[in-house]
file coords-v2.pdb (PDB, C-alpha atoms)
ATOM      1  CA  MET P   5       0.000   0.000   0.000
ATOM      2  CA  GLY P   6       1.550   3.337  -1.090
ATOM      3  CA  PRO P   7       1.845   6.452   1.046
ATOM      4  CA  GLN P   8      -1.112   8.119  -0.630
ATOM      5  CA  ALA P   9      -3.395   5.164   0.042
ATOM      6  CA  ALA P  10      -2.208   4.890   3.640
ATOM      7  CA  ALA P  11      -3.150   8.512   4.275
ATOM      8  CA  THR P  12      -6.705   8.080   3.005
ATOM      9  CA  PRO P  13      -9.075   8.752   5.924
ATOM     10  CA  ALA P  14     -11.373   5.947   7.024
ATOM     11  CA  ILE P  15     -13.644   8.615   8.465
ATOM     12  CA  ARG P  16     -14.693  11.436   6.168
ATOM     13  CA  PRO P  17     -13.548  14.707   7.770
ATOM     14  CA  GLU P  18     -15.774  17.713   8.070
ATOM     15  CA  HIS P  19     -14.517  20.487   5.816
ATOM     16  CA  ALA P  20     -15.807  23.679   7.418
ATOM     17  CA  THR P  21     -19.435  22.812   6.823
ATOM     18  CA  ALA P  22     -22.213  23.946   9.117
ATOM     19  CA  VAL P  23     -22.399  21.931  12.322
ATOM     20  CA  VAL P  24     -25.937  20.815  13.127
ATOM     21  CA  VAL P  25     -26.436  21.291  16.874
ATOM     22  CA  ARG P  26     -28.862  18.672  18.146
ATOM     23  CA  ASP P  27     -28.345  18.837  21.908
ATOM     24  CA  GLU P  28     -31.255  20.910  23.178
ATOM     25  CA  LYS P  29     -29.914  20.655  26.745
ATOM     26  CA  VAL P  30     -26.700  22.437  25.755
ATOM     27  CA  LEU P  31     -28.637  25.126  23.888
ATOM     28  CA  ALA P  32     -30.895  25.672  26.904
ATOM     29  CA  GLU P  33     -27.868  25.908  29.202
ATOM     30  CA  ILE P  34     -26.198  28.468  26.940
ATOM     31  CA  ALA P  35     -29.344  30.620  26.853
ATOM     32  CA  HIS P  36     -29.769  30.353  30.635
ATOM     33  CA  GLU P  37     -26.161  31.218  31.473
ATOM     34  CA  ARG P  38     -26.099  34.083  28.990
ATOM     35  CA  GLY P  39     -29.026  35.598  30.853
ATOM     36  CA  ASN P  40     -27.224  35.107  34.168
ATOM     37  CA  PHE P  41     -24.118  36.885  32.905
ATOM     38  CA  PHE P  42     -26.037  39.919  31.676
ATOM     39  CA  HIS P  43     -28.027  40.045  34.907
ATOM     40  CA  LYS P  44     -24.749  40.227  36.866
ATOM     41  CA  LEU P  45     -23.343  42.870  34.518
ATOM     42  CA  TYR P  46     -26.408  45.079  34.936
ATOM     43  CA  TYR P  47     -26.479  44.522  38.708
ATOM     44  CA  TRP P  48     -22.864  45.501  39.380
ATOM     45  CA  SER P  49     -22.830  48.407  36.932
ATOM     46  CA  ASP P  50     -26.046  49.826  38.466
ATOM     47  CA  TYR P  51     -24.604  49.296  41.940
ATOM     48  CA  LEU P  52     -21.543  51.377  41.079
ATOM     49  CA  LYS P  53     -23.704  54.150  39.666
ATOM     50  CA  GLU P  54     -26.010  54.299  42.678
ATOM     51  CA  LYS P  55     -23.393  54.115  45.465
ATOM     52  CA  PRO P  56     -20.453  56.287  44.414
ATOM     53  CA  ALA P  57     -19.623  57.395  47.980
ATOM     54  CA  ARG P  58     -18.873  53.927  49.441
ATOM     55  CA  ARG P  59     -15.270  53.439  48.336
ATOM     56  CA  THR P  60     -14.784  50.024  49.957
ATOM     57  CA  ALA P  61     -17.989  48.732  48.430
ATOM     58  CA  ASP P  62     -17.044  50.326  45.112
ATOM     59  CA  SER P  63     -13.746  48.424  45.093
ATOM     60  CA  THR P  64     -15.467  45.101  45.733
ATOM     61  CA  ALA P  65     -18.165  45.811  43.161
ATOM     62  CA  ALA P  66     -15.563  46.800  40.568
ATOM     63  CA  GLN P  67     -13.696  43.534  41.155
ATOM     64  CA  MET P  68     -16.917  41.549  40.792
ATOM     65  CA  LEU P  69     -17.745  43.411  37.600
ATOM     66  CA  GLU P  70     -14.288  42.687  36.164
ATOM     67  CA  ARG P  71     -14.568  39.005  37.132
ATOM     68  CA  THR P  72     -17.987  38.763  35.491
ATOM     69  CA  ILE P  73     -16.618  40.299  32.281
ATOM     70  CA  ARG P  74     -13.676  37.850  32.232
ATOM     71  CA  ASN P  75     -15.985  34.888  32.824
ATOM     72  CA  LEU P  76     -18.313  36.121  30.095
ATOM     73  CA  GLU P  77     -15.377  36.384  27.673
ATOM     74  CA  ASP P  78     -14.369  32.781  28.455
ATOM     75  CA  PHE P  79     -17.962  31.625  28.068
ATOM     76  CA  LEU P  80     -18.343  33.320  24.671
ATOM     77  CA  LYS P  81     -15.036  31.893  23.449
ATOM     78  CA  ILE P  82     -16.079  28.356  24.367
ATOM     79  CA  SER P  83     -19.498  28.970  22.804
ATOM     80  CA  LEU P  84     -17.782  29.819  19.516
ATOM     81  CA  ASP P  85     -15.827  26.548  19.724
ATOM     82  CA  TYR P  86     -19.117  24.703  20.112
ATOM     83  CA  PHE P  87     -21.041  26.420  17.309
ATOM     84  CA  HIS P  88     -18.272  27.173  14.825
ATOM     85  CA  PRO P  89     -17.794  24.716  11.925
ATOM     86  CA  THR P  90     -14.725  22.609  12.657
ATOM     87  CA  GLN P  91     -12.005  21.985  10.093
ATOM     88  CA  MET P  92     -10.677  18.489  10.764
ATOM     89  CA  THR P  93      -7.349  17.207   9.418
ATOM     90  CA  PHE P  94      -7.076  13.462   9.982
ATOM     91  CA  THR P  95      -3.933  11.392  10.066
ATOM     92  CA  ARG P  96      -3.411   7.673  10.526
ATOM     93  CA  MET P  97      -1.806   6.801  13.870
ATOM     94  CA  ALA P  98      -0.844   3.469  15.413
ATOM     95  CA  VAL P  99      -2.951   2.582  18.444
ATOM     96  CA  GLY P 100       0.119   2.016  20.605
ATOM     97  CA  GLU P 101       1.470   5.463  19.774
ATOM     98  CA  LEU P 102      -1.888   7.060  20.582
ATOM     99  CA  VAL P 103      -2.129   5.239  23.921
ATOM    100  CA  GLU P 104       1.349   6.372  24.930
ATOM    101  CA  GLY P 105       0.482   9.967  24.052
ATOM    102  CA  LEU P 106      -2.773   9.867  26.007
ATOM    103  CA  LEU P 107      -1.086   8.387  29.086
ATOM    104  CA  PHE P 108       1.662  11.011  28.964
ATOM    105  CA  GLN P 109      -0.987  13.730  28.869
ATOM    106  CA  VAL P 110      -2.877  12.132  31.774
ATOM    107  CA  ARG P 111       0.197  11.883  33.990
ATOM    108  CA  SER P 112       1.087  15.501  33.238
ATOM    109  CA  GLN P 113      -2.362  16.769  34.180
ATOM    110  CA  LEU P 114      -2.828  14.452  37.183
ATOM    111  CA  ASN P 115       0.615  15.104  38.633
ATOM    112  CA  GLY P 116       0.573  14.132  42.309
ATOM    113  CA  THR P 117      -2.531  11.926  42.042
ATOM    114  CA  GLN P 118      -2.235   8.162  42.485
ATOM    115  CA  VAL P 119      -2.884   6.611  39.069
ATOM    116  CA  THR P 120      -2.840   2.925  38.130
ATOM    117  CA  VAL P 121      -2.968   1.726  34.510
ATOM    118  CA  SER P 122      -4.014  -1.722  33.301
ATOM    119  CA  ASP P 123      -3.682  -3.319  29.850
ATOM    120  CA  ALA P 124      -1.697  -0.394  28.400
ATOM    121  CA  GLY P 125       1.197  -2.619  27.304
ATOM    122  CA  THR P 126      -0.985  -4.961  25.275
ATOM    123  CA  TRP P 127      -1.555  -2.253  22.664
ATOM    124  CA  LYS P 128       2.119  -1.650  21.895
ATOM    125  CA  ASP P 129       2.363  -4.654  19.565
ATOM    126  CA  VAL P 130      -1.151  -4.444  18.125
ATOM    127  CA  GLU P 131      -1.134  -3.752  14.384
ATOM    128  CA  ALA P 132      -4.122  -1.434  14.377
ATOM    129  CA  ASP P 133      -4.537   2.221  13.495
ATOM    130  CA  VAL P 134      -6.937   5.004  14.299
ATOM    131  CA  MET P 135      -7.740   8.122  12.307
ATOM    132  CA  VAL P 136      -7.209  11.205  14.464
ATOM    133  CA  ASP P 137      -6.906  14.937  14.229
ATOM    134  CA  PRO P 138      -4.084  15.288  16.802
ATOM    135  CA  SER P 139      -4.840  18.908  17.691
ATOM    136  CA  HIS P 140      -8.597  18.545  18.247
ATOM    137  CA  LEU P 141      -8.351  15.159  19.949
ATOM    138  CA  SER P 142      -5.635  16.391  22.325
ATOM    139  CA  TYR P 143      -7.747  19.427  23.203
ATOM    140  CA  ALA P 144     -10.826  17.263  23.841
ATOM    141  CA  PHE P 145      -8.802  14.881  26.001
ATOM    142  CA  GLU P 146      -7.303  17.800  27.930
ATOM    143  CA  ILE P 147     -10.805  19.081  28.717
ATOM    144  CA  ALA P 148     -11.980  15.629  29.816
ATOM    145  CA  VAL P 149      -9.038  15.098  32.157
ATOM    146  CA  ARG P 150      -9.337  18.646  33.518
ATOM    147  CA  GLN P 151     -12.981  18.013  34.364
ATOM    148  CA  LEU P 152     -11.855  14.814  36.075
ATOM    149  CA  THR P 153      -9.285  16.641  38.206
ATOM    150  CA  LYS P 154     -11.993  18.962  39.523
ATOM    151  CA  GLN P 155     -13.606  15.949  41.167
ATOM    152  CA  ILE P 156     -10.445  14.603  42.785
ATOM    153  CA  GLY P 157     -10.350  14.873  46.572
ATOM    154  CA  SER P 158      -7.701  14.125  49.164
ATOM    155  CA  GLU P 159      -8.676  10.426  49.321
ATOM    156  CA  SER P 160      -9.363   9.922  45.607
ATOM    157  CA  THR P 161      -7.589   7.407  43.401
ATOM    158  CA  VAL P 162      -7.700   7.055  39.622
ATOM    159  CA  ALA P 163      -7.532   3.748  37.755
ATOM    160  CA  ILE P 164      -7.225   3.693  33.954
ATOM    161  CA  GLU P 165      -8.297   0.637  32.001
ATOM    162  CA  ILE P 166      -7.369   0.400  28.323
ATOM    163  CA  GLY P 167      -8.942  -2.214  26.112
ATOM    164  CA  ARG P 168     -10.925  -3.001  23.005
ATOM    165  CA  GLY P 169     -14.491  -1.778  22.972
ATOM    166  CA  ALA P 170     -17.388  -2.374  20.625
ATOM    167  CA  ARG P 171     -20.150  -0.167  19.306
ATOM    168  CA  ARG P 172     -22.780  -0.744  16.666
ATOM    169  CA  GLU P 173     -20.447   0.675  14.015
ATOM    170  CA  GLY P 174     -17.574  -1.670  14.933
ATOM    171  CA  THR P 175     -14.672  -2.156  17.347
ATOM    172  CA  GLY P 176     -12.287   0.433  18.677
ATOM    173  CA  LEU P 177      -9.985   1.645  21.415
ATOM    174  CA  GLU P 178     -11.712   2.236  24.735
ATOM    175  CA  VAL P 179     -10.096   4.138  27.607
ATOM    176  CA  GLU P 180     -11.956   4.052  30.921
ATOM    177  CA  PHE P 181     -11.128   6.265  33.898
ATOM    178  CA  HIS P 182     -12.372   5.010  37.256
ATOM    179  CA  LEU P 183     -12.390   7.732  39.905
ATOM    180  CA  ARG P 184     -12.863   6.353  43.415
ATOM    181  CA  GLN P 185     -13.901   8.523  46.341
ATOM    182  CA  PRO P 186     -14.643  11.611  44.201
ATOM    183  CA  ASN P 187     -15.047  15.041  45.697
ATOM    184  CA  GLU P 188     -18.822  15.396  45.628
ATOM    185  CA  ALA P 189     -18.588  19.122  46.313
ATOM    186  CA  SER P 190     -17.706  19.756  42.678
ATOM    187  CA  SER P 191     -19.826  18.016  40.054
ATOM    188  CA  LEU P 192     -18.767  17.539  36.448
ATOM    189  CA  LEU P 193     -20.918  20.356  35.135
ATOM    190  CA  ARG P 194     -20.581  22.703  38.109
ATOM    191  CA  THR P 195     -20.080  25.878  36.040
ATOM    192  CA  ALA P 196     -21.333  27.191  32.736
ATOM    193  CA  GLU P 197     -17.810  27.143  31.289
ATOM    194  CA  ALA P 198     -17.188  23.575  32.484
ATOM    195  CA  GLY P 199     -20.448  22.287  31.043
ATOM    196  CA  LEU P 200     -19.887  23.962  27.686
ATOM    197  CA  GLU P 201     -16.254  22.809  27.569
ATOM    198  CA  TRP P 202     -17.499  19.262  28.075
ATOM    199  CA  ALA P 203     -19.914  19.701  25.161
ATOM    200  CA  VAL P 204     -17.033  20.961  22.986
ATOM    201  CA  ALA P 205     -14.924  17.930  23.938
ATOM    202  CA  GLN P 206     -17.806  15.607  23.049
ATOM    203  CA  LYS P 207     -18.251  17.395  19.726
ATOM    204  CA  PHE P 208     -14.606  16.882  18.750
ATOM    205  CA  VAL P 209     -14.641  13.211  19.770
ATOM    206  CA  ASN P 210     -17.909  12.657  17.890
ATOM    207  CA  LEU P 211     -16.290  14.105  14.758
ATOM    208  CA  HIS P 212     -13.745  11.278  15.091
ATOM    209  CA  GLY P 213     -16.633   8.814  15.007
ATOM    210  CA  GLY P 214     -16.050   8.168  18.692
ATOM    211  CA  GLU P 215     -17.750   8.728  22.014
ATOM    212  CA  LEU P 216     -16.960  10.598  25.228
ATOM    213  CA  LEU P 217     -19.196  10.153  28.235
ATOM    214  CA  GLU P 218     -19.307  10.396  32.009
ATOM    215  CA  ARG P 219     -21.272   7.994  34.162
ATOM    216  CA  SER P 220     -21.759   7.037  37.787
ATOM    217  CA  GLN P 221     -22.973   3.454  38.182
ATOM    218  CA  VAL P 222     -21.479   2.534  41.561
ATOM    219  CA  PRO P 223     -21.775   4.641  44.748
ATOM    220  CA  GLY P 224     -18.452   6.315  45.542
ATOM    221  CA  GLU P 225     -17.120   5.871  42.009
ATOM    222  CA  LYS P 226     -17.371   7.787  38.734
ATOM    223  CA  GLU P 227     -16.290   6.771  35.271
ATOM    224  CA  LEU P 228     -15.144   8.683  32.230
ATOM    225  CA  VAL P 229     -15.044   6.734  28.960
ATOM    226  CA  LEU P 230     -13.328   7.599  25.685
ATOM    227  CA  PHE P 231     -14.008   5.423  22.626
ATOM    228  CA  LEU P 232     -12.304   5.784  19.231
ATOM    229  CA  PRO P 233     -13.044   3.466  16.286
ATOM    230  CA  LEU P 234     -10.243   1.487  14.673
ATOM    231  CA  CYS P 235      -9.498   1.888  10.970
ATOM    232  CA  ARG P 236     -11.175  -0.701   8.790
TER     233      ARG P 236
END
call {"tool": "encode", "arguments": {"input": "coords-v2.pdb", "output": "structure tokens"}}
result
Amino acid sequence: MGPQAAATPAIRPEHATAVVVRDEKVLAEIAHERGNFFHKLYYWSDYLKEKPARRTADSTAAQMLERTIRNLEDFLKISLDYFHPTQMTFTRMAVGELVEGLLFQVRSQLNGTQVTVSDAGTWKDVEADVMVDPSHLSYAFEIAVRQLTKQIGSESTVAIEIGRGARREGTGLEVEFHLRQPNEASSLLRTAEAGLEWAVAQKFVNLHGGELLERSQVPGEKELVLFLPLCR
């Protein structure tokens, strides 16, 4: 098989075409949080206009107004990532190479957290490839792991299980994160930015033909699952 044939994507990339947004929950969340941001902007700006003599209060109100503006900027930026058509550039990558890259990224982000990995070595000699856009997949994975770290408490441990998964479309690489004793004070979608970032990560993984999900099936344990289809 020549170089040109080897580079042919098994998954047809999206070439800057309009993205059809189907998740009504995400749209409702965006509309709700947008209203909250503008409510805070009006509140703090009116407060500063009405109470010019209270310097201490003015300082606090000004800080809150600045924080609200920064948070709104972050929210709008992430919103653009969600709605904007995504230009994907796929490349063929060996499964073992992808696994090593993902584990390196995990250990960098979870520095200081006890992490155990099972079945990672079995993929090193597997002659299987996946089609990935390295930039978008890395960004999606970074978001997923960052959301995971927000749930890690002082007694939490993380176990990573790497294996072969199956979906209706076929088989693929499946990476499961098992978080034990999570910090319940901070849920996965605890902020508008976090929830929208998660939606962006899911969008990028879906464009790979894969799946990214979070679930809680056992008390005291949460799971994060990444699935990517193998090349046919």
call {"tool": "resolve_selection", "arguments": {"input": "coords-v2.pdb", "expression": "the PyMOL selection byres ((chain P and resi 80) around 12)", "output": "number ranges by chain"}}
result
P: 34-35, 37-38, 41, 73-79, 81-88, 196-197, 200-201
call {"tool": "atom_distance", "arguments": {"input": "coords-v2.pdb", "atom1": "atom CA of P:Gly100", "atom2": "atom CA of P:Gln206"}}
result
22.6 Å
call {"tool": "atom_distance", "arguments": {"input": "coords-v2.pdb", "atom1": "atom CA of P:His212", "atom2": "atom CA of P:Thr90"}}
result
11.6 Å
call {"tool": "resolve_selection", "arguments": {"input": "coords-v2.pdb", "expression": "the PyMOL selection byres ((chain P and resi 95) around 8)", "output": "JSON, numbers by chain"}}
result
{"P": [11, 13, 93, 94, 96, 97, 135, 136, 137, 138]}
call {"tool": "atom_distance", "arguments": {"input": "coords-v2.pdb", "atom1": "atom CA of P:Thr175", "atom2": "atom CA of P:Val119"}}
result
26.2 Å
call {"tool": "residues_around", "arguments": {"input": "coords-v2.pdb", "residues": "P:Gly157", "least_positions_apart": "2", "cutoff": "7 Å", "atoms": "only C-alpha atoms", "output": "list in words"}}
result
Gln155, Glu159, Ser160, Pro186 and Asn187 of chain P
call {"tool": "residues_around", "arguments": {"input": "coords-v2.pdb", "residues": "P:Glu178", "least_positions_apart": "4", "cutoff": "10 Å", "atoms": "all atoms listed in the file", "output": "ChimeraX atom specification"}}
result
/P:165-170,214-216,229-233
call {"tool": "resolve_selection", "arguments": {"input": "coords-v2.pdb", "expression": "the PyMOL selection byres ((chain P and resi 98) around 9)", "output": "PyMOL selection string"}}
result
chain P and resi 96-97+99-103+128+130-135
call {"tool": "residues_near_point", "arguments": {"input": "coords-v2.pdb", "point": "(-17.4, 43.6, 35.2)", "cutoff": "10 Å", "atoms": "only C-alpha atoms", "output": "list in words"}}
result
Phe41, Lys44, Leu45, Tyr46, Tyr47, Trp48, Ser49, Ala65, Ala66, Gln67, Met68, Leu69, Glu70, Arg71, Thr72, Ile73, Arg74, Asn75 and Leu76 of chain P
call {"tool": "residues_around", "arguments": {"input": "coords-v2.pdb", "residues": "stretch 221-227 of chain P", "least_positions_apart": "6", "cutoff": "9 Å", "atoms": "all atoms listed in the file", "output": "list in words"}}
result
Glu180, Phe181, His182, Leu183, Arg184, Gln185 and Pro186 of chain P
